[in-house]
Amino acid sequence: MDTSFDMFIETEVPENELIISRTDLNGVITYVNETFAHISGYEPEELIGKPHSIIRHPDMPRSAFADLWETIRSGKTWEGYVKNLRKDKGYYWVYARISQVIKDGKVVEYKSLREPVPREKRIEMQNLYDRMRAEEEGTSRVVLYTKNENLEELKKYDLLSK
């Protein structure tokens with residue numbers, strides 16, 4: 001049972017640094033820069049070989065990633081706002097540009113360059129993504145305050161985040 005509030009701790013992406021990663025064609029991470037590792041709370045070797053979805057925040061609507069994959073597989077660059085999940089369950093926002101890497105006329109991998117997002121835009125995107133999840137997936141984010149004696153009862157119904 002997890003009753004910590006680490007999920008509410010936001011890490012600010014520094015203005016003067018770029019987060020960079022590359023994946024294979026299936027989204028498995030093949031390279032991360034030190035900034036990516038630091039901001040995500042992982043060591044580089046913990047990320048290499050893992051699916052990029054390791055940092056997918058549950059607030060992100062599935063349709064955003066469906067659009068991302070459709071766009072990059074068609075040869076176009078995808079650009080958008082992404083809320084990512086840190087190893088410690090905190091989060092950070094980025095503006096991402098994801099595109100194909102082509103060698104000898106063949107797509108060999110994807111690269112992603114990410115930069116900070118202004119606070120007002122983070123609030124706007126959180127509200128948009130909350131609406132999208134509610135409409136598309138029928139899910140909503142809920143914060144619950146309860147008496148400690150009720151925690152075991154909630155645990156029986158799998159109502160507490162893991």
# chains A, B, ... in the order shown; residues from 1 in each chain; ligands from 1
>>> closest_atom_pairs(of="segment 5-56 of chain A", to="segment 99-115 of chain A", cutoff="8 Å", atoms="only C-alpha atoms", output="JSON lines")
{"residue": "A:Val13", "atom": "CA", "partner": "A:Glu115", "partner_atom": "CA", "distance": 7.2}
{"residue": "A:Glu15", "atom": "CA", "partner": "A:Glu115", "partner_atom": "CA", "distance": 7.4}
{"residue": "A:Glu17", "atom": "CA", "partner": "A:Glu115", "partner_atom": "CA", "distance": 7.2}
{"residue": "A:Leu18", "atom": "CA", "partner": "A:Glu115", "partner_atom": "CA", "distance": 5.5}
{"residue": "A:Ile19", "atom": "CA", "partner": "A:Arg114", "partner_atom": "CA", "distance": 4.9}
{"residue": "A:Ile20", "atom": "CA", "partner": "A:Leu113", "partner_atom": "CA", "distance": 4.8}
{"residue": "A:Ser21", "atom": "CA", "partner": "A:Ser112", "partner_atom": "CA", "distance": 5.3}
{"residue": "A:Arg22", "atom": "CA", "partner": "A:Lys111", "partner_atom": "CA", "distance": 4.4}
{"residue": "A:Thr23", "atom": "CA", "partner": "A:Tyr110", "partner_atom": "CA", "distance": 5.3}
{"residue": "A:Asp24", "atom": "CA", "partner": "A:Glu109", "partner_atom": "CA", "distance": 4.6}
{"residue": "A:Leu25", "atom": "CA", "partner": "A:Glu109", "partner_atom": "CA", "distance": 5.3}
{"residue": "A:Gly27", "atom": "CA", "partner": "A:Tyr110", "partner_atom": "CA", "distance": 7.9}
>>> write_last_selection(atoms="N, CA and C atoms", output="PDB file, in the first residue's frame")
ATOM      1  N   VAL A  13      12.400  21.009 -15.574  1.00  0.00           N
ATOM      2  CA  VAL A  13      13.397  20.773 -16.620  1.00  0.00           C
ATOM      3  C   VAL A  13      14.182  22.068 -16.799  1.00  0.00           C
ATOM      4  N   GLU A  15      16.091  25.211 -18.198  1.00  0.00           N
ATOM      5  CA  GLU A  15      15.918  25.989 -19.430  1.00  0.00           C
ATOM      6  C   GLU A  15      17.055  25.790 -20.424  1.00  0.00           C
ATOM      7  N   GLU A  17      19.081  23.166 -20.982  1.00  0.00           N
ATOM      8  CA  GLU A  17      19.490  21.810 -21.323  1.00  0.00           C
ATOM      9  C   GLU A  17      18.431  21.125 -22.183  1.00  0.00           C
ATOM     10  N   LEU A  18      18.898  20.224 -23.028  1.00  0.00           N
ATOM     11  CA  LEU A  18      18.026  19.454 -23.907  1.00  0.00           C
ATOM     12  C   LEU A  18      18.045  17.998 -23.452  1.00  0.00           C
ATOM     13  N   ILE A  19      16.880  17.385 -23.392  1.00  0.00           N
ATOM     14  CA  ILE A  19      16.775  15.965 -23.069  1.00  0.00           C
ATOM     15  C   ILE A  19      16.779  15.217 -24.395  1.00  0.00           C
ATOM     16  N   ILE A  20      17.677  14.242 -24.522  1.00  0.00           N
ATOM     17  CA  ILE A  20      17.828  13.514 -25.785  1.00  0.00           C
ATOM     18  C   ILE A  20      17.757  12.020 -25.523  1.00  0.00           C
ATOM     19  N   SER A  21      17.037  11.324 -26.396  1.00  0.00           N
ATOM     20  CA  SER A  21      17.045   9.858 -26.363  1.00  0.00           C
ATOM     21  C   SER A  21      16.842   9.330 -27.772  1.00  0.00           C
ATOM     22  N   ARG A  22      17.222   8.080 -27.951  1.00  0.00           N
ATOM     23  CA  ARG A  22      16.964   7.356 -29.199  1.00  0.00           C
ATOM     24  C   ARG A  22      16.388   6.004 -28.833  1.00  0.00           C
ATOM     25  N   THR A  23      15.527   5.504 -29.719  1.00  0.00           N
ATOM     26  CA  THR A  23      14.949   4.174 -29.527  1.00  0.00           C
ATOM     27  C   THR A  23      15.064   3.391 -30.820  1.00  0.00           C
ATOM     28  N   ASP A  24      14.931   2.071 -30.687  1.00  0.00           N
ATOM     29  CA  ASP A  24      14.814   1.261 -31.891  1.00  0.00           C
ATOM     30  C   ASP A  24      13.399   1.445 -32.442  1.00  0.00           C
ATOM     31  N   LEU A  25      13.068   0.731 -33.477  1.00  0.00           N
ATOM     32  CA  LEU A  25      11.769   0.922 -34.141  1.00  0.00           C
ATOM     33  C   LEU A  25      10.589   0.435 -33.304  1.00  0.00           C
ATOM     34  N   GLY A  27      10.477   1.150 -29.992  1.00  0.00           N
ATOM     35  CA  GLY A  27      10.385   2.027 -28.830  1.00  0.00           C
ATOM     36  C   GLY A  27      11.267   1.624 -27.668  1.00  0.00           C
TER      37      GLY A  27
END
>>> residues_around(residues="Ile123 of chain A", least_positions_apart="5", cutoff="12 Å", atoms="only C-alpha atoms", output="VMD selection string")
chain A and resid 81 83 93 117 to 118 128 to 130
>>> select_by_dssp(residues="chain A", states="strand (DSSP E or B)", output="PyMOL selection string")
chain A and resi 10+19-23+28-32+51+56+78-85+91-103+106-115
>>> write_last_selection(atoms="C-alpha atoms", output="PDB file, in the first residue's frame")
ATOM      1  CA  GLU A  10       7.297  17.992 -10.021  1.00  0.00           C
ATOM      2  CA  ILE A  19      16.775  15.965 -23.069  1.00  0.00           C
ATOM      3  CA  ILE A  20      17.828  13.514 -25.785  1.00  0.00           C
ATOM      4  CA  SER A  21      17.045   9.858 -26.363  1.00  0.00           C
ATOM      5  CA  ARG A  22      16.964   7.356 -29.199  1.00  0.00           C
ATOM      6  CA  THR A  23      14.949   4.174 -29.527  1.00  0.00           C
ATOM      7  CA  VAL A  28      13.163   0.326 -26.844  1.00  0.00           C
ATOM      8  CA  ILE A  29      15.680   2.872 -25.566  1.00  0.00           C
ATOM      9  CA  THR A  30      19.130   2.655 -27.192  1.00  0.00           C
ATOM     10  CA  TYR A  31      20.624   5.959 -25.985  1.00  0.00           C
ATOM     11  CA  VAL A  32      19.953   8.634 -23.356  1.00  0.00           C
ATOM     12  CA  PRO A  51      10.751   0.420 -23.477  1.00  0.00           C
ATOM     13  CA  ARG A  56       4.882   7.066 -19.317  1.00  0.00           C
ATOM     14  CA  TRP A  78       5.635  14.443 -34.031  1.00  0.00           C
ATOM     15  CA  GLU A  79       5.613  17.436 -31.705  1.00  0.00           C
ATOM     16  CA  GLY A  80       3.693  17.730 -28.490  1.00  0.00           C
ATOM     17  CA  TYR A  81       3.519  18.090 -24.737  1.00  0.00           C
ATOM     18  CA  VAL A  82       4.267  15.065 -22.598  1.00  0.00           C
ATOM     19  CA  LYS A  83       3.999  14.474 -18.873  1.00  0.00           C
ATOM     20  CA  ASN A  84       6.612  11.895 -17.890  1.00  0.00           C
ATOM     21  CA  LEU A  85       6.883   9.682 -14.829  1.00  0.00           C
ATOM     22  CA  TYR A  91       6.817  13.798 -12.775  1.00  0.00           C
ATOM     23  CA  TYR A  92       8.126  16.327 -15.277  1.00  0.00           C
ATOM     24  CA  TRP A  93       6.717  18.008 -18.378  1.00  0.00           C
ATOM     25  CA  VAL A  94       8.497  18.342 -21.724  1.00  0.00           C
ATOM     26  CA  TYR A  95       7.803  19.613 -25.202  1.00  0.00           C
ATOM     27  CA  ALA A  96       8.962  16.737 -27.417  1.00  0.00           C
ATOM     28  CA  ARG A  97       9.996  16.482 -31.064  1.00  0.00           C
ATOM     29  CA  ILE A  98      10.261  12.893 -32.252  1.00  0.00           C
ATOM     30  CA  SER A  99      11.398  11.870 -35.715  1.00  0.00           C
ATOM     31  CA  GLN A 100      12.870   9.073 -37.757  1.00  0.00           C
ATOM     32  CA  VAL A 101      16.592   8.539 -38.206  1.00  0.00           C
ATOM     33  CA  ILE A 102      17.275   7.375 -41.765  1.00  0.00           C
ATOM     34  CA  LYS A 103      20.491   5.693 -42.915  1.00  0.00           C
ATOM     35  CA  LYS A 106      16.088   3.080 -44.451  1.00  0.00           C
ATOM     36  CA  VAL A 107      14.493   4.052 -41.113  1.00  0.00           C
ATOM     37  CA  VAL A 108      16.819   2.677 -38.436  1.00  0.00           C
ATOM     38  CA  GLU A 109      15.654   4.360 -35.236  1.00  0.00           C
ATOM     39  CA  TYR A 110      13.748   7.267 -33.710  1.00  0.00           C
ATOM     40  CA  LYS A 111      15.243  10.268 -31.947  1.00  0.00           C
ATOM     41  CA  SER A 112      13.565  12.507 -29.433  1.00  0.00           C
ATOM     42  CA  LEU A 113      14.598  15.996 -28.402  1.00  0.00           C
ATOM     43  CA  ARG A 114      12.761  17.490 -25.443  1.00  0.00           C
ATOM     44  CA  GLU A 115      12.742  20.892 -23.805  1.00  0.00           C
TER      45      GLU A 115
END
>>> select_by_dssp(residues="chain A", states="helix (DSSP H, G or I)", output="ChimeraX atom specification")
/A:6-8,34-40,44-47,52-55,62-73,119-137,148-156
>>> atom_distance(atom1="atom CA of Ile48 of chain A", atom2="atom CA of Ile9 of chain A")
24.7 Å
>>> atom_distance(atom1="atom CA of Glu34 of chain A", atom2="atom CA of Asn16 of chain A")
13.6 Å
>>> atom_distance(atom1="atom CA of Glu45 of chain A", atom2="atom CA of Gly90 of chain A")
19.9 Å
>>> closest_residue(among="A:Met60, A:Ile55, A:Ala37, A:Leu151", to="Gln126 of chain A", atoms="only C-alpha atoms")
A:Met60
